[in-house]
file data.cif (mmCIF, C-alpha atoms)
data_work
#
loop_
_atom_site.label_atom_id
_atom_site.label_comp_id
_atom_site.auth_asym_id
_atom_site.auth_seq_id
_atom_site.Cartn_x
_atom_site.Cartn_y
_atom_site.Cartn_z
CA MET A 504 -0.38 4.89 84.44
CA LEU A 505 -0.92 4.66 80.73
CA ARG A 506 -2.77 7.90 80.17
CA ASN A 507 -1.64 11.44 80.85
CA ARG A 508 -2.40 13.21 84.09
CA GLN A 509 -2.73 16.86 84.87
CA ASP A 510 0.81 16.93 86.23
CA THR A 511 2.70 14.49 84.03
CA PHE A 512 2.69 12.25 80.97
CA GLY A 513 1.37 8.70 81.02
CA TRP A 514 3.42 5.78 79.70
CA GLY A 515 1.57 5.83 76.41
CA ALA A 516 2.78 9.33 75.57
CA ILE A 517 6.26 8.64 76.93
CA VAL A 518 6.84 5.49 74.90
CA LEU A 519 5.47 7.08 71.74
CA HIS A 520 7.55 10.20 72.29
CA TRP A 521 10.87 8.40 72.64
CA ALA A 522 10.20 5.82 69.95
CA ILE A 523 9.39 8.59 67.49
CA ALA A 524 12.38 10.63 68.67
CA LEU A 525 14.70 7.69 68.04
CA LEU A 526 13.17 7.08 64.62
CA ILE A 527 13.52 10.74 63.62
CA VAL A 528 17.19 10.87 64.54
CA GLY A 529 17.88 7.54 62.84
CA LEU A 530 15.91 8.43 59.73
CA ILE A 531 17.65 11.78 59.31
CA ALA A 532 21.06 10.10 59.64
CA LEU A 533 20.00 7.36 57.22
CA GLY A 534 18.58 9.93 54.82
CA TYR A 535 21.87 11.78 54.84
CA VAL A 536 24.07 8.71 54.32
CA MET A 537 21.94 7.13 51.61
CA THR A 538 21.96 10.26 49.45
CA ARG A 539 25.77 10.62 49.35
CA PRO A 540 26.67 10.66 45.66
CA ASP A 541 29.61 8.26 45.98
CA ILE A 542 27.82 5.57 47.98
CA ASP A 543 27.97 1.95 46.82
CA PRO A 544 24.83 1.44 44.68
CA GLU A 545 23.81 -1.85 46.25
CA LEU A 546 24.21 -0.44 49.76
CA GLN A 547 22.30 2.64 48.66
CA PHE A 548 19.39 0.56 47.45
CA SER A 549 19.25 -1.32 50.75
CA LEU A 550 19.46 1.85 52.82
CA TYR A 551 16.57 3.37 50.86
CA GLN A 552 14.45 0.32 51.61
CA TRP A 553 15.33 0.51 55.32
CA HIS A 554 14.55 4.21 55.27
CA LYS A 555 11.12 3.49 53.80
CA SER A 556 10.34 0.77 56.36
CA PHE A 557 11.44 2.86 59.34
CA GLY A 558 9.70 5.90 57.85
CA MET A 559 6.44 3.98 57.61
CA THR A 560 6.92 2.93 61.22
CA ALA A 561 7.41 6.57 62.20
CA LEU A 562 4.28 7.56 60.29
CA ALA A 563 2.20 4.91 62.06
CA LEU A 564 3.52 5.90 65.49
CA ALA A 565 3.09 9.61 64.78
CA PHE A 566 -0.49 8.96 63.77
CA ILE A 567 -1.12 7.09 67.02
CA ARG A 568 0.63 9.92 68.82
CA LEU A 569 -1.78 12.39 67.22
CA ILE A 570 -4.78 10.36 68.39
CA TRP A 571 -3.21 10.15 71.83
CA TRP A 572 -2.58 13.87 71.87
CA LEU A 573 -6.19 14.59 70.87
CA SER A 574 -7.73 12.15 73.34
CA ASN A 575 -5.62 12.82 76.44
CA ILE A 576 -5.37 15.79 78.69
CA HIS A 577 -2.16 17.74 78.35
CA PRO A 578 -0.06 18.11 81.46
CA ALA A 579 0.00 21.73 82.51
CA PRO A 580 3.08 23.76 81.58
CA VAL A 581 5.41 24.31 84.49
CA ALA A 582 4.44 27.37 86.46
CA SER A 583 7.65 29.25 85.79
CA LEU A 584 6.91 29.66 82.08
CA SER A 585 6.09 33.13 80.81
CA ALA A 586 3.13 33.59 78.50
CA LEU A 587 5.51 33.90 75.58
CA GLU A 588 7.32 30.70 76.52
CA ARG A 589 4.03 28.86 76.83
CA ARG A 590 3.01 30.03 73.43
CA ALA A 591 6.38 29.12 71.92
CA SER A 592 6.31 25.67 73.43
CA SER A 593 2.78 24.87 72.33
CA VAL A 594 3.49 26.07 68.80
CA THR A 595 6.69 24.01 68.72
CA HIS A 596 4.86 20.92 69.98
CA ALA A 597 2.08 21.32 67.43
CA LEU A 598 4.60 21.78 64.61
CA LEU A 599 6.61 18.78 65.76
CA LEU A 600 3.51 16.63 65.76
CA ALA A 601 2.43 17.91 62.36
CA LEU A 602 5.86 17.32 60.83
CA THR A 603 6.25 13.82 62.26
CA ILE A 604 3.20 12.99 60.17
CA ALA A 605 3.89 15.22 57.17
CA VAL A 606 7.53 14.22 56.58
CA PRO A 607 6.92 10.47 56.23
CA LEU A 608 3.71 11.10 54.31
CA VAL A 609 5.64 13.21 51.81
CA GLY A 610 8.29 10.48 51.69
CA TRP A 611 5.54 8.04 50.79
CA ALA A 612 4.52 10.44 48.01
CA ILE A 613 8.09 10.24 46.61
CA ALA A 614 7.97 6.46 46.40
CA SER A 615 4.48 6.69 44.91
CA THR A 616 5.29 9.21 42.18
CA SER A 617 8.77 7.97 41.31
CA THR A 618 9.23 6.69 37.80
CA LEU A 619 11.48 4.05 39.36
CA ASN A 620 8.26 2.48 40.66
CA ILE A 621 10.05 0.62 43.44
CA PRO A 622 7.57 -1.17 45.70
CA THR A 623 7.60 -0.45 49.42
CA LEU A 624 8.03 -3.82 51.08
CA PHE A 625 7.78 -3.14 54.80
CA PHE A 626 10.83 -4.79 56.36
CA ASN A 627 10.88 -7.19 53.42
CA ARG A 628 7.57 -8.65 54.57
CA VAL A 629 4.47 -6.62 53.85
CA LEU A 630 3.75 -4.79 50.63
CA ILE A 631 2.59 -1.23 51.27
CA PRO A 632 0.77 0.13 48.24
CA HIS A 633 1.74 3.38 46.61
CA LEU A 634 -0.49 6.38 47.19
CA PRO A 635 -2.84 6.96 44.26
CA MET A 636 -0.68 9.60 42.59
CA GLU A 637 0.52 9.98 39.06
CA LYS A 638 4.12 9.01 38.40
CA SER A 639 6.32 11.62 36.79
CA GLU A 640 9.80 12.99 37.10
CA ALA A 641 8.40 16.42 37.97
CA ALA A 642 6.24 15.05 40.77
CA GLU A 643 9.08 12.95 42.13
CA THR A 644 11.41 15.95 42.15
CA PHE A 645 8.83 18.15 43.82
CA TRP A 646 8.08 15.67 46.59
CA SER A 647 11.76 14.87 47.06
CA ASP A 648 12.55 18.54 47.60
CA ALA A 649 9.57 18.94 49.90
CA HIS A 650 10.64 15.87 51.89
CA ALA A 651 14.15 17.23 52.34
CA TRP A 652 13.06 20.73 53.39
CA LEU A 653 10.39 19.48 55.76
CA ALA A 654 12.92 17.07 57.25
CA TYR A 655 15.43 19.90 57.75
CA GLY A 656 12.65 21.91 59.39
CA LEU A 657 11.82 18.97 61.63
CA ALA A 658 15.48 18.54 62.52
CA GLY A 659 15.64 22.23 63.47
CA LEU A 660 12.57 21.92 65.66
CA VAL A 661 14.01 18.81 67.31
CA VAL A 662 17.14 20.75 68.19
CA LEU A 663 15.05 23.60 69.57
CA HIS A 664 12.80 21.22 71.48
CA ALA A 665 15.67 19.15 72.94
CA GLY A 666 17.65 22.29 73.73
CA ALA A 667 14.71 23.74 75.62
CA ALA A 668 14.22 20.48 77.54
CA LEU A 669 17.89 20.40 78.52
CA LEU A 670 17.75 24.05 79.52
CA HIS A 671 14.78 23.32 81.76
CA HIS A 672 16.48 20.32 83.27
CA PHE A 673 19.97 21.64 83.91
CA TRP A 674 19.38 25.36 84.22
CA HIS A 675 15.89 25.80 85.62
CA ARG A 676 16.02 22.36 87.26
CA ASP A 677 12.32 21.79 86.80
CA VAL A 678 10.27 18.69 85.90
CA VAL A 679 9.92 19.32 82.18
CA LEU A 680 12.40 16.67 81.05
CA ARG A 681 11.84 14.27 83.92
CA ARG A 682 8.14 13.96 83.36
CA MET A 683 8.80 12.85 79.78
CA LEU A 684 11.45 10.43 81.02
CA GLY A 685 8.90 8.81 83.29
CA ILE A 686 10.89 9.57 86.43
CA PHE A 687 8.53 12.23 87.62
CA ARG A 688 7.05 11.53 90.99
CA ARG A 689 4.16 13.32 92.54
CA ASP A 690 6.21 14.45 95.50
CA ALA A 691 8.94 15.61 93.20
CA ALA A 692 6.71 18.26 91.75
CA SER A 693 7.30 20.54 94.69
CA ASN A 694 10.98 19.65 94.87
CA ALA A 695 11.78 20.09 91.28
CA HIS A 696 15.31 21.23 91.93
CA GLN A 697 16.30 17.92 93.52
CA GLN A 698 17.97 15.17 91.60
CA PRO A 699 15.48 12.60 90.44
CA GLU A 700 15.62 9.33 92.29
CA GLY A 701 13.71 7.19 89.89
CA THR A 702 15.55 4.77 87.72
CA ASP A 703 15.47 5.68 84.14
CA ARG A 704 13.35 2.93 82.83
CA MET B 879 34.80 -11.77 31.67
CA LYS B 880 31.65 -11.65 32.73
CA GLN B 881 28.54 -11.92 31.33
CA PHE B 882 25.29 -12.49 32.57
CA TYR B 883 22.13 -13.42 31.39
CA GLY B 884 22.82 -15.59 28.78
CA PRO B 885 20.76 -15.47 26.20
CA CYS B 886 21.41 -16.94 23.37
CA LEU B 887 21.79 -20.15 22.75
CA ALA B 888 19.89 -20.48 20.09
CA ALA B 889 21.11 -21.74 17.33
CA CYS B 890 21.43 -25.12 17.75
CA VAL B 891 18.14 -25.84 17.42
CA LEU B 892 17.97 -25.36 14.03
CA VAL B 893 18.52 -28.63 13.18
CA LEU B 894 15.26 -29.48 14.20
CA ALA B 895 14.06 -27.44 11.59
CA ALA B 896 14.61 -30.03 9.15
CA THR B 897 11.67 -31.99 10.29
CA SER B 898 9.35 -29.18 11.14
CA ALA B 899 6.40 -28.31 9.05
CA GLU B 900 7.78 -24.97 8.15
CA ALA B 901 10.91 -26.59 7.05
CA ARG B 902 9.39 -28.87 4.57
CA ALA B 903 10.74 -27.22 1.55
CA PRO B 904 14.37 -27.01 2.51
CA SER B 905 16.10 -30.14 3.53
CA LEU B 906 18.00 -30.56 6.70
CA ASP B 907 21.14 -30.31 4.75
CA ASP B 908 20.01 -26.95 3.53
CA ALA B 909 19.64 -25.69 7.06
CA ALA B 910 22.98 -27.00 8.09
CA GLY B 911 25.74 -24.49 8.16
CA ARG B 912 27.17 -21.62 10.07
CA TYR B 913 25.07 -18.63 11.01
CA ASP B 914 25.87 -15.27 12.49
CA ILE B 915 23.42 -13.90 14.99
CA ASP B 916 21.94 -10.86 13.36
CA GLY B 917 21.46 -7.40 14.86
CA SER B 918 17.73 -7.67 14.23
CA SER B 919 17.54 -10.20 17.06
CA GLN B 920 15.75 -9.16 20.26
CA ILE B 921 17.39 -10.00 23.54
CA ASN B 922 14.57 -9.21 25.97
CA PHE B 923 14.54 -9.87 29.68
CA SER B 924 12.23 -9.20 32.59
CA VAL B 925 12.44 -9.34 36.36
CA ALA B 926 9.19 -9.47 38.29
CA GLN B 927 8.67 -7.28 41.34
CA THR B 928 6.58 -7.68 44.46
CA GLY B 929 3.01 -6.61 43.90
CA GLY B 930 3.05 -7.12 40.15
CA GLY B 931 4.85 -5.63 37.22
CA GLY B 932 8.60 -5.44 37.19
CA ILE B 933 11.56 -4.36 35.18
CA SER B 934 11.76 -5.32 31.56
CA GLY B 935 14.32 -4.37 29.02
CA LYS B 936 16.69 -5.54 26.35
CA PHE B 937 20.31 -5.50 25.37
CA GLY B 938 21.31 -3.41 22.39
CA LYS B 939 24.65 -4.98 21.57
CA PHE B 940 25.41 -8.67 21.25
CA SER B 941 27.01 -11.08 18.85
CA GLY B 942 27.24 -14.78 18.26
CA THR B 943 27.25 -17.64 15.88
CA PHE B 944 25.71 -21.03 15.62
CA GLN B 945 26.78 -24.05 13.78
CA LEU B 946 23.98 -26.34 12.72
CA ASP B 947 24.85 -29.91 12.12
CA GLY B 948 22.56 -31.27 9.43
CA LYS B 949 23.10 -34.89 10.36
CA ASP B 950 23.02 -34.76 14.14
CA ILE B 951 21.52 -31.82 15.90
CA ARG B 952 23.32 -32.83 19.04
CA LYS B 953 26.52 -31.79 17.38
CA SER B 954 25.30 -28.29 16.76
CA VAL B 955 26.91 -25.52 18.75
CA VAL B 956 25.90 -22.00 19.69
CA GLU B 957 28.03 -19.20 21.07
CA PHE B 958 26.69 -15.92 22.18
CA SER B 959 28.06 -12.77 23.78
CA LEU B 960 26.24 -9.75 24.99
CA PHE B 961 27.42 -6.44 26.30
CA PRO B 962 25.48 -5.50 29.41
CA ASP B 963 26.59 -1.90 29.09
CA THR B 964 23.93 -1.63 26.39
CA VAL B 965 21.06 -2.58 28.68
CA GLN B 966 17.90 -0.57 27.99
CA THR B 967 14.91 -0.33 30.31
CA GLY B 968 13.40 3.04 29.51
CA GLU B 969 14.52 4.48 32.89
CA PRO B 970 18.10 5.82 32.89
CA ARG B 971 18.50 5.45 36.65
CA ILE B 972 17.61 1.78 36.48
CA GLU B 973 20.05 1.28 33.62
CA LYS B 974 22.77 3.01 35.60
CA PHE B 975 22.04 0.75 38.56
CA LEU B 976 22.14 -2.36 36.37
CA ARG B 977 25.53 -1.32 34.95
CA SER B 978 26.92 -0.59 38.40
CA SER B 979 28.79 -2.92 40.69
CA ALA B 980 25.43 -3.87 42.24
CA ILE B 981 24.47 -5.88 39.16
CA PHE B 982 26.54 -6.28 35.99
CA ASP B 983 29.61 -4.29 37.04
CA THR B 984 30.20 -3.54 33.39
CA ALA B 985 33.41 -1.64 34.14
CA ASN B 986 35.06 -4.87 35.24
CA HIS B 987 32.90 -7.39 33.42
CA PRO B 988 31.96 -5.92 30.06
CA GLU B 989 30.84 -9.14 28.43
CA ILE B 990 28.45 -11.97 29.20
CA VAL B 991 29.12 -15.20 27.31
CA PHE B 992 27.14 -18.33 26.67
CA ARG B 993 28.58 -21.40 25.01
CA SER B 994 26.42 -24.45 24.45
CA THR B 995 27.63 -27.83 25.60
CA LYS B 996 24.66 -30.00 24.76
CA ILE B 997 21.68 -29.66 22.51
CA THR B 998 18.75 -32.00 22.74
CA GLN B 999 15.82 -32.08 20.43
CA THR B 1000 12.58 -32.05 22.40
CA GLY B 1001 9.97 -31.88 19.64
CA GLU B 1002 9.48 -31.39 15.99
CA ASP B 1003 10.71 -27.82 16.11
CA THR B 1004 11.94 -27.44 19.66
CA ALA B 1005 15.16 -28.15 21.48
CA GLU B 1006 16.74 -27.78 24.86
CA ILE B 1007 20.06 -25.99 24.94
CA GLU B 1008 22.44 -26.59 27.77
CA GLY B 1009 25.59 -24.57 28.08
CA LYS B 1010 28.01 -22.58 30.16
CA LEU B 1011 26.99 -19.09 31.04
CA THR B 1012 29.73 -16.78 32.26
CA ALA B 1013 28.69 -13.53 33.89
CA LYS B 1014 30.42 -11.29 36.42
CA GLY B 1015 33.21 -13.78 36.84
CA THR B 1016 31.01 -16.80 37.51
CA THR B 1017 30.45 -19.68 35.12
CA ARG B 1018 27.51 -22.01 35.55
CA THR B 1019 25.48 -24.45 33.53
CA GLU B 1020 22.16 -23.06 32.34
CA HIS B 1021 19.33 -24.28 30.16
CA PHE B 1022 17.25 -22.57 27.54
CA SER B 1023 14.43 -23.82 25.41
CA ALA B 1024 14.42 -22.99 21.74
CA LYS B 1025 11.70 -23.10 19.16
CA LEU B 1026 12.20 -22.71 15.46
CA THR B 1027 9.94 -19.95 14.25
CA LYS B 1028 11.06 -19.06 10.76
CA TRP B 1029 13.47 -20.11 8.17
CA ASN B 1030 14.46 -19.88 4.56
CA ARG B 1031 17.64 -20.51 2.65
CA ARG B 1032 19.53 -17.59 4.07
CA THR B 1033 18.06 -16.92 7.47
CA ILE B 1034 16.68 -18.79 10.42
CA SER B 1035 14.89 -17.60 13.56
CA PHE B 1036 14.39 -19.09 16.96
CA GLN B 1037 12.38 -18.10 19.95
CA ILE B 1038 14.57 -18.84 22.95
CA GLU B 1039 13.45 -18.68 26.55
CA GLY B 1040 14.93 -19.42 29.90
CA GLY B 1041 15.18 -18.25 33.48
CA ILE B 1042 18.41 -17.47 35.25
CA TYR B 1043 18.85 -17.19 39.01
CA ARG B 1044 20.76 -13.96 39.36
CA ASP B 1045 22.02 -14.59 42.87
CA HIS B 1046 24.23 -17.33 41.38
CA TYR B 1047 26.12 -14.60 39.58
CA ASN B 1048 26.62 -12.22 42.45
CA MET B 1049 23.78 -10.02 41.27
CA SER B 1050 21.43 -10.30 44.21
CA ALA B 1051 20.85 -6.58 44.79
CA GLY B 1052 17.18 -5.77 45.22
CA LEU B 1053 16.09 -9.14 46.61
CA PRO B 1054 13.40 -9.85 47.66
CA ILE B 1055 11.59 -6.84 46.21
CA TYR B 1056 12.72 -7.91 42.77
CA SER B 1057 12.55 -11.54 41.80
CA ASN B 1058 15.68 -13.65 41.82
CA ILE B 1059 14.70 -15.02 38.41
CA VAL B 1060 15.61 -13.12 35.30
CA GLN B 1061 13.36 -14.33 32.54
CA PHE B 1062 14.81 -14.20 29.03
CA ASP B 1063 12.58 -14.08 26.02
CA MET B 1064 14.68 -13.78 22.93
CA THR B 1065 14.14 -13.74 19.22
CA VAL B 1066 17.38 -14.87 17.67
CA ASN B 1067 17.81 -14.39 13.96
CA GLY B 1068 20.68 -16.09 12.18
CA GLN B 1069 22.15 -15.07 8.85
CA LYS B 1070 23.80 -17.89 6.97
CA HIS B 1071 27.39 -17.55 5.98
#
call {"tool": "encode", "arguments": {"input": "data.cif", "output": "structure tokens"}}
result
Amino acid sequence: MLRNRQDTFGWGAIVLHWAIALLIVGLIALGYVMTRPDIDPELQFSLYQWHKSFGMTALALAFIRLIWWLSNIHPAPVASLSALERRASSVTHALLLALTIAVPLVGWAIASTSTLNIPTLFFNRVLIPHLPMEKSEAAETFWSDAHAWLAYGLAGLVVLHAGAALLHHFWHRDVVLRRMLGIFRRDAASNAHQQPEGTDR
Amino acid sequence: MKQFYGPCLAACVLVLAATSAEARAPSLDDAAGRYDIDGSSQINFSVAQTGGGGISGKFGKFSGTFQLDGKDIRKSVVEFSLFPDTVQTGEPRIEKFLRSSAIFDTANHPEIVFRSTKITQTGEDTAEIEGKLTAKGTTRTEHFSAKLTKWNRRTISFQIEGGIYRDHYNMSAGLPIYSNIVQFDMTVNGQKH
């Protein structure tokens, strides 16, 4: 099913989740490599353009993810969670969603305020206009710093989030990870400790 | 050596001057002679970018001479060198990028040279300059159009324009966001020897 159910995620949420996850990891790696001071300048230019195109992709998907999140029911937390854990997980999820939108948006602000005035040409095909912001070195520096810190924050949350999922899967042996992998089955809910039989799509 | 955008061809044209309206007073023989390209010249270039606008700038250091043949403009010759390290765009990071290995590679190719091979008069005060442009280790034939704009007994000025495909010179960084064509728009002032 495409939409979420009370007991698990629909394909829509699953595909968005993993596509965004992949983009985040790739974009952080790309962001690190492209800002090395000794990088070849031509390669650096290209990597920045790739970073912008993939970042715009992440922004679009995160926005769709937000709509999806607002318009779908949320599968219930697994029963074993304490009140504190429930609270921690919902705060983490909300922050993750907010940052997947905020980080690329702030990146867009860098390109828009930079005195380099380099156009954003989405995968060398479609011109994405700059945000209506004034260009200045001060603004570019501010948004660059904000982009970096928000990205570090996002990376930290990703580690926390993935660590928690792995803990649930391998330690608690519950459905938390499997239902986001799409290998949750209705009858598995009551046998959460068993190995999943589904293929991993 | 390397050089890139070649600017300058200018001179040759002069000859034409002889017949131009502005040149009425002096004779062609007066215009003939050897000129040094003066520091007051403007070697401007621009590269368009997607969505409008682009990078424009100029080169601060250059040198050259032209020899005007009073009897046969076709025998005139122009030589021009510019030093891409002196590129100015108003944005230091762009200048640094242009000097880097991505574009001019000024550390290894400090000079861009143009040497005319053929000058053809195309109008009363215009000419087409063909020559060899050497930039970043590549030499190719390029064309510029020249128009005589000013002259007197001691000095002569040309407006010289032409477009160079930068990917021919191993300077394709930034494609396709930035145009492959570098447009030169130069005011070349010669001081007679």
call {"tool": "closest_residue", "arguments": {"input": "data.cif", "among": "B:Ile921, B:Met1064, B:Ala926, B:Ile990", "to": "chain A", "atoms": "only C-alpha atoms"}}
result
B:Ala926
call {"tool": "resolve_selection", "arguments": {"input": "data.cif", "expression": "the PyMOL selection byres ((chain B) within 8 of (chain A))", "output": "number ranges by chain"}}
result
B: 927-929, 969, 971-972, 975, 978-980, 1051-1052, 1054-1055
call {"tool": "closest_residue", "arguments": {"input": "data.cif", "among": "A:Leu550, A:Val609, A:Val581, A:Ala601", "to": "Phe566 of chain A", "atoms": "all atoms listed in the file"}}
result
A:Ala601
call {"tool": "atom_distance", "arguments": {"input": "data.cif", "atom1": "atom CA of Ser617 of chain A", "atom2": "atom CA of His633 of chain A"}}
result
9.9 Å
call {"tool": "atom_distance", "arguments": {"input": "data.cif", "atom1": "atom CA of Gly1068 of chain B", "atom2": "atom CA of Thr1019 of chain B"}}
result
23.4 Å
call {"tool": "residues_around", "arguments": {"input": "data.cif", "residues": "Ile981 of chain B", "least_positions_apart": "5", "cutoff": "9 Å", "atoms": "all atoms listed in the file", "output": "list of chain:residue names"}}
result
A:Glu545, B:Phe975, B:Leu976, B:Lys1014, B:Arg1044, B:Tyr1047, B:Asn1048, B:Met1049, B:Ser1050, B:Ala1051
call {"tool": "resolve_selection", "arguments": {"input": "data.cif", "expression": "the PyMOL selection byres ((chain A and resi 511) around 9)", "output": "list in words"}}
result
Asn507, Arg508, Gln509, Asp510, Phe512, Gly513, His577, Pro578, Ala579, Val678, Val679, Arg682, Met683, Gly685, Phe687, Arg688 and Arg689 of chain A
call {"tool": "residues_around", "arguments": {"input": "data.cif", "residues": "Lys939 of chain B", "least_positions_apart": "3", "cutoff": "8 Å", "atoms": "all atoms listed in the file", "output": "ChimeraX atom specification"}}
result
/B:917,960-962,964
call {"tool": "residues_near_point", "arguments": {"input": "data.cif", "point": "(27.1, -34.4, 15.3)", "cutoff": "12 Å", "atoms": "only C-alpha atoms", "output": "NGL selection string"}}
result
:B and (890 or 893 or 910 or 945-955 or 996-998)
call {"tool": "resolve_selection", "arguments": {"input": "data.cif", "expression": "the PyMOL selection byres ((chain B and resi 1007) around 6)", "output": "MDAnalysis selection string"}}
result
chainID B and resid 997 1006 1008 1021:1022
call {"tool": "residues_around", "arguments": {"input": "data.cif", "residues": "segment 585-592 of chain A", "least_positions_apart": "6", "cutoff": "10 Å", "atoms": "only C-alpha atoms", "output": "JSON, numbers by chain"}}
result
{"A": [579, 598, 663, 664, 667]}
call {"tool": "residues_around", "arguments": {"input": "data.cif", "residues": "Phe944 of chain B", "least_positions_apart": "3", "cutoff": "6 Å", "atoms": "only C-alpha atoms", "output": "ChimeraX atom specification"}}
result
/B:889,912-913,955-956
call {"tool": "write_last_selection", "arguments": {"input": "data.cif", "atoms": "C-alpha atoms", "output": "PDB file, keeping the file's coordinate frame"}}
result
ATOM      1  CA  ALA B 889      21.110 -21.740  17.330  1.00  0.00           C
ATOM      2  CA  ARG B 912      27.170 -21.620  10.070  1.00  0.00           C
ATOM      3  CA  TYR B 913      25.070 -18.630  11.010  1.00  0.00           C
ATOM      4  CA  VAL B 955      26.910 -25.520  18.750  1.00  0.00           C
ATOM      5  CA  VAL B 956      25.900 -22.000  19.690  1.00  0.00           C
TER       6      VAL B 956
END
call {"tool": "build_atoms", "arguments": {"input": "data.cif", "residues": "segment 920-937 of chain B", "atoms": "N, CA and C atoms", "output": "compact mmCIF listing (two decimals), keeping the file's coordinate frame"}}
result
# COMPACT_ATOMS: atom_id res chain seq x y z
N GLN B 920 16.24 -9.89 19.08
CA GLN B 920 15.75 -9.16 20.26
C GLN B 920 16.12 -9.94 21.51
N ILE B 921 16.98 -9.33 22.32
CA ILE B 921 17.39 -10.00 23.54
C ILE B 921 16.64 -9.35 24.70
N ASN B 922 15.43 -9.81 24.95
CA ASN B 922 14.57 -9.21 25.97
C ASN B 922 14.67 -9.97 27.28
N PHE B 923 14.55 -9.22 28.35
CA PHE B 923 14.54 -9.87 29.68
C PHE B 923 13.50 -9.16 30.55
N SER B 924 13.10 -9.84 31.62
CA SER B 924 12.23 -9.20 32.59
C SER B 924 12.50 -9.78 33.97
N VAL B 925 12.29 -8.94 34.95
CA VAL B 925 12.44 -9.34 36.36
C VAL B 925 11.18 -8.88 37.07
N ALA B 926 10.45 -9.82 37.62
CA ALA B 926 9.19 -9.47 38.29
C ALA B 926 9.47 -8.76 39.60
N GLN B 927 8.51 -7.94 40.03
CA GLN B 927 8.67 -7.28 41.34
C GLN B 927 7.45 -7.56 42.21
N THR B 928 7.65 -7.44 43.50
CA THR B 928 6.58 -7.68 44.46
C THR B 928 5.37 -6.80 44.12
N GLY B 929 4.22 -7.40 44.14
CA GLY B 929 3.01 -6.61 43.90
C GLY B 929 2.63 -6.51 42.44
N GLY B 930 3.39 -7.14 41.57
CA GLY B 930 3.05 -7.12 40.15
C GLY B 930 3.92 -6.18 39.36
N GLY B 931 3.99 -6.43 38.08
CA GLY B 931 4.85 -5.63 37.22
C GLY B 931 6.30 -6.01 37.42
N GLY B 932 7.19 -5.13 37.04
CA GLY B 932 8.60 -5.44 37.19
C GLY B 932 9.42 -4.62 36.22
N ILE B 933 10.66 -5.04 36.09
CA ILE B 933 11.56 -4.36 35.18
C ILE B 933 11.69 -5.20 33.93
N SER B 934 11.49 -4.57 32.78
CA SER B 934 11.76 -5.32 31.56
C SER B 934 12.63 -4.45 30.66
N GLY B 935 13.41 -5.11 29.87
CA GLY B 935 14.32 -4.37 29.02
C GLY B 935 14.96 -5.29 28.01
N LYS B 936 15.99 -4.74 27.36
CA LYS B 936 16.69 -5.54 26.35
C LYS B 936 18.13 -5.07 26.27
N PHE B 937 18.91 -5.85 25.57
CA PHE B 937 20.31 -5.50 25.37
C PHE B 937 20.51 -5.09 23.92
